[in-house]
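Data from my_file16.txt: compact mmCIF, C-alpha atoms
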# COMPACT_ATOMS: atom_id res chain seq x y z
CA MET V 1 31.95 39.66 -64.18
CA GLU V 2 34.60 36.96 -64.24
CA SER V 3 38.07 37.38 -65.73
CA GLN V 4 41.15 35.23 -65.90
CA ILE V 5 44.55 35.29 -67.55
CA THR V 6 44.65 32.38 -69.98
CA GLU V 7 48.09 33.02 -71.48
CA GLU V 8 51.02 35.20 -70.49
CA LYS V 9 53.86 35.95 -72.90
CA LYS V 10 56.78 38.33 -72.49
CA THR V 11 55.04 41.11 -74.40
CA GLU V 12 51.37 40.07 -74.38
CA ILE V 13 48.77 38.87 -71.90
CA THR V 14 45.55 37.12 -72.94
CA LEU V 15 42.46 37.75 -70.81
CA GLU V 16 39.20 35.86 -71.00
CA ILE V 17 36.30 37.92 -69.64
CA HIS V 18 32.74 36.67 -69.07
CA LEU V 19 29.55 38.55 -68.22
CA ASP V 20 26.45 36.58 -67.30
CA SER V 21 23.04 37.25 -68.89
CA THR V 22 22.03 39.70 -66.15
CA GLU V 23 25.23 41.75 -66.55
CA LEU V 24 24.87 41.70 -70.32
CA GLY V 25 21.24 42.75 -69.91
CA SER V 26 22.26 46.02 -68.25
CA PHE V 27 24.45 46.85 -71.26
CA ILE V 28 21.62 45.90 -73.63
CA ASP V 29 19.39 48.39 -71.79
CA LYS V 30 22.05 51.08 -72.18
CA ALA V 31 22.53 50.18 -75.86
CA VAL V 32 18.79 50.58 -76.58
CA GLU V 33 18.85 53.93 -74.78
CA ASN V 34 21.87 55.15 -76.76
CA LEU V 35 20.53 54.00 -80.14
CA GLY V 36 17.05 55.36 -79.46
CA ALA V 37 18.41 58.81 -78.53
CA ASN V 38 19.47 59.43 -82.15
CA ILE V 39 16.49 57.95 -83.98
CA GLU V 40 13.70 60.01 -85.53
CA LEU V 41 10.57 57.91 -86.08
CA LYS V 42 7.28 59.04 -87.50
CA GLY V 43 4.85 59.98 -84.76
CA PHE V 44 7.54 60.43 -82.07
CA ARG V 45 9.89 63.23 -81.12
CA LYS V 46 13.59 62.48 -81.57
CA GLY V 47 14.75 60.13 -78.81
CA LYS V 48 11.25 59.65 -77.39
CA ALA V 49 10.15 56.45 -79.16
CA PRO V 50 9.14 53.55 -76.84
CA ARG V 51 11.69 50.78 -76.29
CA ASN V 52 9.77 48.14 -78.26
CA VAL V 53 9.52 50.48 -81.25
CA VAL V 54 13.28 51.21 -81.08
CA GLU V 55 14.10 47.50 -80.85
CA GLU V 56 11.90 46.70 -83.84
CA HIS V 57 13.41 49.54 -85.89
CA VAL V 58 17.06 48.91 -85.02
CA GLY V 59 17.09 45.12 -84.85
CA GLU V 60 18.51 42.71 -82.29
CA GLN V 61 21.93 42.34 -83.95
CA GLN V 62 22.73 46.07 -83.89
CA ILE V 63 21.60 46.30 -80.26
CA LEU V 64 23.82 43.36 -79.30
CA THR V 65 26.77 44.87 -81.16
CA GLU V 66 26.33 48.19 -79.33
CA ALA V 67 25.91 46.37 -76.01
CA ALA V 68 29.08 44.35 -76.64
CA ASP V 69 31.08 47.54 -77.33
CA LEU V 70 29.84 49.07 -74.08
CA ALA V 71 30.55 45.86 -72.16
CA VAL V 72 34.09 45.53 -73.54
CA ASN V 73 35.01 49.12 -72.63
CA ASP V 74 33.72 48.72 -69.07
CA SER V 75 34.75 45.16 -68.20
CA TYR V 76 38.18 45.35 -69.89
CA ARG V 77 39.08 48.38 -67.75
CA LYS V 78 37.97 46.55 -64.60
CA ALA V 79 39.87 43.40 -65.58
CA ILE V 80 43.24 45.12 -66.13
CA GLU V 81 42.83 46.90 -62.79
CA GLU V 82 41.97 43.60 -61.08
CA HIS V 83 45.00 41.78 -62.53
CA LYS V 84 47.29 44.83 -62.22
CA ILE V 85 48.12 44.81 -65.94
CA GLU V 86 49.83 47.81 -67.57
CA PRO V 87 48.81 47.84 -71.25
CA ILE V 88 50.91 49.81 -73.75
CA SER V 89 48.24 50.06 -76.46
CA PHE V 90 44.67 49.05 -77.21
CA PRO V 91 43.79 45.34 -76.88
CA ASN V 92 42.92 43.02 -79.75
CA VAL V 93 39.40 41.82 -78.88
CA GLU V 94 37.81 38.60 -80.13
CA VAL V 95 34.17 37.72 -79.33
CA LYS V 96 33.86 34.14 -78.09
CA ASN V 97 30.14 34.06 -77.27
CA LEU V 98 27.41 36.70 -77.38
CA LYS V 99 23.83 35.63 -76.62
CA LYS V 100 21.19 37.36 -74.50
CA GLU V 101 20.32 34.20 -72.61
CA GLU V 102 23.94 32.99 -72.14
CA GLY V 103 25.80 36.23 -71.59
CA PHE V 104 28.93 37.59 -73.22
CA THR V 105 32.43 36.08 -73.34
CA PHE V 106 35.35 37.70 -75.11
CA ILE V 107 39.11 37.34 -75.38
CA ALA V 108 41.37 40.41 -75.02
CA LYS V 109 45.00 40.15 -76.08
CA VAL V 110 46.78 42.96 -74.26
CA PRO V 111 50.19 44.30 -75.38
CA VAL V 112 52.33 44.92 -72.27
CA LEU V 113 55.84 45.99 -71.40
CA PRO V 114 58.20 43.01 -71.69
CA SER V 115 59.33 41.07 -68.65
CA PHE V 116 63.04 40.27 -68.26
CA ASP V 117 65.61 39.34 -65.64
CA LEU V 118 68.07 41.95 -64.42
CA PRO V 119 71.72 41.05 -63.80
CA ASP V 120 73.41 42.13 -60.55
CA TYR V 121 73.19 45.80 -61.51
CA LYS V 122 74.90 47.07 -58.37
CA VAL V 123 78.02 45.02 -59.09
CA LEU V 124 78.08 46.27 -62.69
CA ALA V 125 77.59 49.87 -61.52
CA SER V 126 80.43 49.57 -59.00
CA LYS V 127 82.86 48.83 -61.85
CA ILE V 128 82.22 52.22 -63.47
CA LYS V 129 84.61 54.72 -61.91
CA ARG V 130 83.96 58.45 -61.71
CA ASN V 131 86.76 60.68 -63.06
CA GLU V 132 88.17 63.50 -60.99
CA ILE V 133 86.87 66.89 -62.09
CA LYS V 134 89.58 69.42 -63.02
CA VAL V 135 88.97 72.91 -64.37
CA GLU V 136 91.85 74.46 -66.27
CA ASP V 137 92.51 78.22 -66.27
CA SER V 138 92.12 78.15 -70.06
CA GLU V 139 88.57 76.79 -69.71
CA VAL V 140 87.64 79.60 -67.32
CA GLN V 141 89.20 82.16 -69.66
CA GLN V 142 87.26 80.73 -72.60
CA ALA V 143 84.01 81.19 -70.68
CA MET V 144 85.06 84.72 -69.71
CA ASP V 145 85.80 85.51 -73.36
CA TRP V 146 82.33 84.31 -74.32
CA LEU V 147 80.81 86.70 -71.77
CA ARG V 148 82.87 89.52 -73.23
CA LYS V 149 81.75 88.70 -76.77
CA SER V 150 78.13 88.59 -75.65
CA ARG V 151 78.44 92.27 -74.66
CA SER V 152 80.20 93.37 -77.86
CA LYS V 153 79.09 96.23 -80.13
CA LEU V 154 78.70 95.86 -83.90
CA THR V 155 79.63 98.46 -86.50
CA VAL V 156 79.38 98.28 -90.29
CA LYS V 157 82.55 97.11 -92.03
CA ASN V 158 83.00 98.17 -95.65
CA ASP V 159 85.69 95.62 -96.33
CA LEU V 160 86.25 91.90 -96.86
CA ALA V 161 84.95 89.51 -94.19
CA GLN V 162 87.59 88.03 -91.92
CA LYS V 163 87.44 85.62 -89.00
CA GLY V 164 86.14 87.45 -85.94
CA ASP V 165 83.71 89.60 -87.95
CA PHE V 166 79.96 89.31 -87.48
CA VAL V 167 78.37 88.35 -90.80
CA GLN V 168 74.83 87.99 -92.00
CA ILE V 169 74.20 85.64 -94.90
CA GLU V 170 71.43 84.17 -97.01
CA TYR V 171 71.69 80.75 -98.61
CA MET V 172 69.58 78.07 -100.22
CA LEU V 173 69.99 74.72 -101.86
CA ALA V 174 71.30 75.06 -105.40
CA GLY V 175 68.64 74.39 -108.01
CA LYS V 176 65.65 75.42 -105.91
CA GLU V 177 62.70 76.87 -107.79
CA PRO V 178 62.79 80.64 -108.51
CA GLY V 179 61.04 82.62 -105.80
CA SER V 180 61.99 80.22 -103.01
CA SER V 181 62.82 81.97 -99.74
CA PRO V 182 66.50 81.78 -98.74
CA ILE V 183 67.67 80.77 -95.28
CA GLN V 184 68.99 83.68 -93.21
CA ASP V 185 71.63 83.45 -90.50
CA GLY V 186 73.99 85.69 -88.55
CA PHE V 187 77.10 84.73 -86.52
CA ILE V 188 80.72 85.53 -85.73
CA LEU V 189 82.81 84.14 -88.56
CA GLY V 190 85.25 81.43 -87.56
CA GLU V 191 83.47 80.13 -84.47
CA GLY V 192 82.30 76.94 -86.15
CA ARG V 193 78.59 77.67 -86.21
CA LEU V 194 78.12 76.16 -89.66
CA LEU V 195 79.27 72.95 -91.31
CA PRO V 196 83.02 72.41 -91.78
CA GLY V 197 84.20 74.25 -94.88
CA PHE V 198 81.20 76.56 -95.09
CA GLU V 199 82.58 79.38 -92.91
CA GLU V 200 86.02 79.18 -94.53
CA GLY V 201 84.36 79.86 -97.87
CA LEU V 202 82.86 83.10 -96.53
CA VAL V 203 86.24 84.62 -95.65
CA GLY V 204 87.13 87.28 -98.22
CA MET V 205 83.55 88.01 -99.27
CA LYS V 206 82.08 91.49 -98.84
CA ALA V 207 78.50 92.69 -98.52
CA GLY V 208 76.57 91.90 -101.71
CA ASP V 209 78.94 89.15 -102.91
CA GLU V 210 77.44 85.82 -103.97
CA LYS V 211 78.89 82.33 -104.37
CA LYS V 212 77.23 79.61 -106.41
CA GLY V 213 77.60 75.86 -106.00
CA VAL V 214 79.26 75.71 -102.58
CA GLU V 215 79.67 72.01 -101.67
CA LEU V 216 78.94 71.03 -98.06
CA ASP V 217 79.30 67.76 -96.18
CA SER V 218 76.99 66.74 -93.32
CA ASN V 219 77.84 63.36 -91.76
CA GLY V 220 79.02 62.05 -95.13
CA LYS V 221 76.00 63.45 -97.01
CA LYS V 222 76.98 66.03 -99.61
CA PHE V 223 74.77 68.85 -100.85
CA VAL V 224 75.28 72.12 -102.71
CA VAL V 225 74.12 75.64 -101.74
CA ASP V 226 74.19 79.14 -103.18
CA VAL V 227 75.19 81.82 -100.64
CA LYS V 228 75.01 85.62 -100.49
CA MET V 229 76.88 87.88 -98.05
CA VAL V 230 74.27 90.34 -96.75
CA SER V 231 76.44 92.35 -94.38
CA VAL V 232 79.82 92.37 -92.61
CA GLN V 233 80.28 94.05 -89.22
CA ASN V 234 83.19 94.74 -86.91
CA VAL V 235 82.94 93.20 -83.45
CA GLU V 236 84.05 95.76 -80.83
CA LEU V 237 84.73 94.05 -77.52
CA PRO V 238 84.32 95.95 -74.21
CA GLU V 239 87.34 96.64 -72.02
CA PHE V 240 88.08 93.60 -69.88
CA ASN V 241 88.31 95.23 -66.45
CA ASP V 242 86.59 95.52 -63.06
CA GLU V 243 83.94 97.84 -64.47
CA PHE V 244 83.02 95.24 -67.08
CA ALA V 245 82.66 92.61 -64.32
CA LYS V 246 80.45 94.91 -62.24
CA SER V 247 78.19 95.52 -65.25
CA LEU V 248 77.35 91.80 -65.36
CA GLY V 249 75.85 91.62 -61.87
CA LYS V 250 76.81 91.59 -58.22
CA PHE V 251 80.56 91.21 -58.75
CA SER V 252 83.21 93.30 -56.98
CA GLY V 253 85.59 92.95 -59.93
CA LEU V 254 87.23 90.55 -62.37
CA ASP V 255 88.43 88.17 -59.64
CA SER V 256 84.90 87.86 -58.27
CA LEU V 257 83.55 87.22 -61.78
CA ARG V 258 86.29 84.68 -62.50
CA ASN V 259 85.49 82.72 -59.34
CA ASN V 260 81.81 82.66 -60.25
CA VAL V 261 82.58 81.50 -63.77
CA LYS V 262 84.89 78.78 -62.46
CA GLU V 263 82.10 77.49 -60.20
CA GLY V 264 79.77 77.41 -63.22
CA VAL V 265 82.29 75.53 -65.37
CA THR V 266 82.88 73.08 -62.52
CA ARG V 267 79.15 72.37 -62.22
CA GLU V 268 78.86 71.80 -65.96
CA LYS V 269 81.77 69.34 -65.93
CA GLU V 270 80.33 67.54 -62.90
CA GLN V 271 77.00 67.18 -64.67
CA ALA V 272 78.72 65.92 -67.82
CA GLU V 273 80.73 63.38 -65.79
CA ALA V 274 77.58 62.22 -63.98
CA GLN V 275 75.90 61.72 -67.35
CA ARG V 276 78.89 59.75 -68.65
CA VAL V 277 78.75 57.47 -65.62
CA ARG V 278 75.00 57.03 -66.10
CA ASN V 279 75.43 56.08 -69.73
CA GLU V 280 78.21 53.60 -69.02
CA ILE V 281 76.23 51.93 -66.22
CA LEU V 282 73.21 51.54 -68.50
CA GLU V 283 75.33 50.22 -71.36
CA ALA V 284 76.97 47.67 -69.03
CA ILE V 285 73.56 46.44 -67.86
CA LEU V 286 72.16 46.50 -71.40
CA LYS V 287 74.87 44.08 -72.55
CA GLU V 288 73.80 41.58 -69.87
CA VAL V 289 70.03 41.50 -70.48
CA LYS V 290 67.76 40.18 -73.20
CA ILE V 291 64.68 42.35 -73.72
CA GLU V 292 62.07 41.67 -76.38
CA VAL V 293 60.70 45.14 -77.17
CA PRO V 294 57.22 45.27 -78.81
CA GLU V 295 57.38 46.63 -82.35
CA THR V 296 54.68 49.18 -81.52
CA LEU V 297 56.93 50.82 -78.93
CA ILE V 298 59.88 50.92 -81.31
CA GLN V 299 57.80 52.52 -84.07
CA ASN V 300 56.44 55.18 -81.72
CA GLU V 301 59.94 56.01 -80.51
CA GLN V 302 61.23 56.22 -84.09
CA VAL V 303 58.56 58.80 -84.89
CA GLN V 304 59.47 60.89 -81.83
CA MET V 305 63.17 60.72 -82.69
CA LEU V 306 62.40 61.77 -86.26
CA GLU V 307 60.56 64.86 -84.99
CA THR V 308 63.57 65.74 -82.83
CA LEU V 309 65.87 65.30 -85.82
CA LYS V 310 63.70 67.62 -87.92
CA ALA V 311 64.00 70.33 -85.26
CA GLN V 312 67.79 69.85 -85.07
CA ILE V 313 68.15 70.13 -88.84
CA ALA V 314 66.04 73.28 -88.90
CA GLN V 315 68.19 74.82 -86.17
CA ALA V 316 71.65 73.66 -87.24
CA LEU V 317 71.33 73.66 -91.03
CA LYS V 318 68.59 76.29 -91.32
CA MET V 319 66.70 74.23 -93.88
CA SER V 320 63.41 72.38 -94.12
CA PHE V 321 63.35 68.63 -93.68
CA ASP V 322 62.06 68.18 -97.23
CA ASP V 323 65.08 70.06 -98.54
CA TYR V 324 67.36 67.94 -96.37
CA LEU V 325 65.84 64.75 -97.82
CA LYS V 326 66.31 66.04 -101.37
CA SER V 327 69.90 67.06 -100.74
CA THR V 328 70.82 63.70 -99.18
CA LYS V 329 68.74 61.67 -101.66
CA LYS V 330 66.95 59.97 -98.77
CA THR V 331 63.27 59.27 -98.09
CA ASN V 332 61.34 59.68 -94.87
CA LYS V 333 61.36 55.87 -94.53
CA ASP V 334 65.15 55.74 -94.99
CA ILE V 335 65.61 58.10 -92.06
CA LEU V 336 63.08 56.23 -89.91
CA ASP V 337 64.80 52.91 -90.62
CA SER V 338 68.19 54.37 -89.68
CA LEU V 339 66.76 55.34 -86.28
CA LYS V 340 65.40 51.90 -85.42
CA THR V 341 68.37 50.47 -83.50
CA GLU V 342 68.80 53.57 -81.36
CA ALA V 343 65.03 53.74 -80.76
CA GLU V 344 65.04 50.14 -79.54
CA ASN V 345 68.04 50.70 -77.27
CA LYS V 346 66.50 53.88 -75.88
CA ILE V 347 63.40 51.93 -74.85
CA LYS V 348 65.54 49.18 -73.35
CA ARG V 349 67.43 51.73 -71.24
CA TYR V 350 64.15 53.11 -69.94
CA LEU V 351 62.84 49.62 -69.15
CA ILE V 352 66.04 48.80 -67.27
CA LEU V 353 65.71 51.96 -65.18
CA ARG V 354 62.06 51.19 -64.55
CA GLU V 355 62.81 47.65 -63.42
CA ILE V 356 65.62 48.81 -61.12
CA GLY V 357 63.25 51.44 -59.75
CA LYS V 358 60.74 48.72 -58.87
CA LYS V 359 63.36 46.74 -56.99
CA GLU V 360 64.58 49.84 -55.16
CA GLY V 361 61.09 51.16 -54.40
CA ILE V 362 61.34 54.18 -56.74
CA GLU V 363 58.68 55.01 -59.30
CA VAL V 364 60.47 56.09 -62.48
CA LYS V 365 58.40 58.90 -63.94
CA ASP V 366 60.65 61.95 -64.37
CA GLU V 367 64.26 63.17 -64.26
CA GLU V 368 64.19 63.52 -60.47
CA SER V 369 63.16 59.90 -59.95
CA ILE V 370 65.76 58.72 -62.49
CA GLU V 371 68.37 60.63 -60.49
CA LYS V 372 67.27 58.73 -57.36
CA VAL V 373 67.79 55.41 -59.17
CA PHE V 374 71.35 56.35 -60.12
CA LYS V 375 72.12 57.51 -56.60
CA LYS V 376 71.09 54.05 -55.39
CA LEU V 377 73.40 52.49 -57.97
CA THR V 378 76.44 54.59 -57.11
CA GLN V 379 76.19 54.56 -53.32

Would you mind writing the file out in structure tokens?
Amino acid sequence: MESQITEEKKTEITLEIHLDSTELGSFIDKAVENLGANIELKGFRKGKAPRNVVEEHVGEQQILTEAADLAVNDSYRKAIEEHKIEPISFPNVEVKNLKKEEGFTFIAKVPVLPSFDLPDYKVLASKIKRNEIKVEDSEVQQAMDWLRKSRSKLTVKNDLAQKGDFVQIEYMLAGKEPGSSPIQDGFILGEGRLLPGFEEGLVGMKAGDEKKGVELDSNGKKFVVDVKMVSVQNVELPEFNDEFAKSLGKFSGLDSLRNNVKEGVTREKEQAEAQRVRNEILEAILKEVKIEVPETLIQNEQVQMLETLKAQIAQALKMSFDDYLKSTKKTNKDILDSLKTEAENKIKRYLILREIGKKEGIEVKDEESIEKVFKKLTQ
């Protein structure tokens, strides 16, 4: 087998691959064997007809076509390994010559990751300064309060719902067909779990009350829901003392718990600051490079981002994606199109990290290896 690169573009490589008549002959033999295995001919058991009978029954053209398919699969794989090509999708194959006595020549246009020149990424990274991490007492107290609320007891409240109460509600888009199942949710009122304006509208309702035509706004998209208050419950918080701290684990008292919580808050802020620095470094490099991203990659990333968005909508808004589209008067294509720029930039960020990894001798394949790349940048 002979193979050579005849053209190399930023996002595509063209290979010309040739098999001589002997090499093609081995694939012809395999093609006859494959085709004969599924043929039932009078006087022979299935797959047991002699070769000449199979060839006469199937015809030379079908045998050559099968042989070419087998040859492409085998020789293309060997060619990309030989030339160290990393394809991102299946090749576009064009037959140049296919004759038993002359062999088989075909062209394979292979989509590949784009090549590009990196700027001096270490200089750019050095300009991004890390902020000092400070943890305020109020932040620690807020985390402590959350722990306390997580251990609260609930009792039925036969009165109007107020902020701080635990409420259970059912709601659905206004105008949905009769019999449609409502969305159910439960939360402490006033903690901002739902969209702005939604929770405020629940204050003053009691169990069994209903409100029709409640207008909500999600990122500038307005929709209307009907809501029912299922139940209202008092939230009884445990005493905030040493015994409470001991009940949470191996803590000697509130001071021990507070120190542990402060360490946790500090770690979270350090991680958030590290992520900010990462993002700013990537954005600085992104502004300095020109990367031609294949449309196939962008489309695949758009689809993945759309699936993530669907899950977020289901979790945050407690509604199906179809209902979300109806309420925002958008189509699936509208949402996909809106994700295109971010999808393209997301791929570019990955390609930048991958290229830096190559230069620094780090294979970028997971979060741990990405962390190694950033450590190199910030040393």

Fill in the blank from the handout: A straight line from atom CA of Leu147 of chain V to atom CA of Gln233 of chain V spans 18.9 Å

Handout entry: For segment 268-280 of chain V: contacts at 12 Å, all atoms listed in the file, fewer than 2 positions along chain excluded, given as number ranges by chain
Key = V: 121, 124-136, 139-140, 143, 261-266, 282-287, 345-346, 349-350, 353, 370-378

Practice task
Go through V:Ile352, V:Ile39, V:Leu15, V:Ile188 and flag the residue nearest Trp146 of chain V, using only C-alpha atoms for the distances.
Solution key: V:Ile188

Practice task
For each of V:Leu257, V:Ile362, V:Leu297, V:Val214, take the minimum atom-to-atom distance to Gly197 of chain V, counting all atoms listed in the file, then give the residue where this is smallest.
Solution key: V:Val214

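Residue nearest Val110 of chain V, chosen from V:Thr308, V:Thr11, V:Thr296, V:Asn73 and counting only C-alpha atoms: V:Thr11.
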
Asp117 of chain V environment, 9 Å, all atoms listed in the file, sequence neighbours closer than 2 positions dropped, as a compact mmCIF listing (two decimals) with C-alpha atoms, keeping the file's coordinate frame:
# COMPACT_ATOMS: atom_id res chain seq x y z
CA SER V 115 59.33 41.07 -68.65
CA PRO V 119 71.72 41.05 -63.80
CA VAL V 289 70.03 41.50 -70.48
CA LYS V 290 67.76 40.18 -73.20
CA ILE V 291 64.68 42.35 -73.72

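Nearest to Asp255 of chain V of all the residues V:Met172, V:Leu189, V:Leu118, V:Met144 is V:Met144, counting only C-alpha atoms.
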
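As for atom CA of Glu368 of chain V and atom CA of Gln304 of chain V, they are spaced 22.0 Å apart.
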
Exercise for the section: Tell me, as a list in words, which residues lie within 8 Å of Lys153 of chain V, counting all atoms listed in the file; anything in the same chain fewer than 6 positions away does not count. Expected result: Val235, Glu236, Leu237 and Pro238 of chain V

Keeping only C-alpha atoms, write the selected residues to a file as a CSV table (one decimal), in the coordinates of the input.
chain,number,residue,atom,x,y,z
V,235,VAL,CA,82.9,93.2,-83.4
V,236,GLU,CA,84.0,95.8,-80.8
V,237,LEU,CA,84.7,94.0,-77.5
V,238,PRO,CA,84.3,96.0,-74.2

Exercise for the section: Compute the distance from (14.2, 48.6, -79.9) to each atom, counting all atoms listed in the file, keep the residues with any atom at most 12 Å away, and return them as number ranges by chain; use the coordinates of the file. Expected result: V: 28-37, 39, 41, 47-64
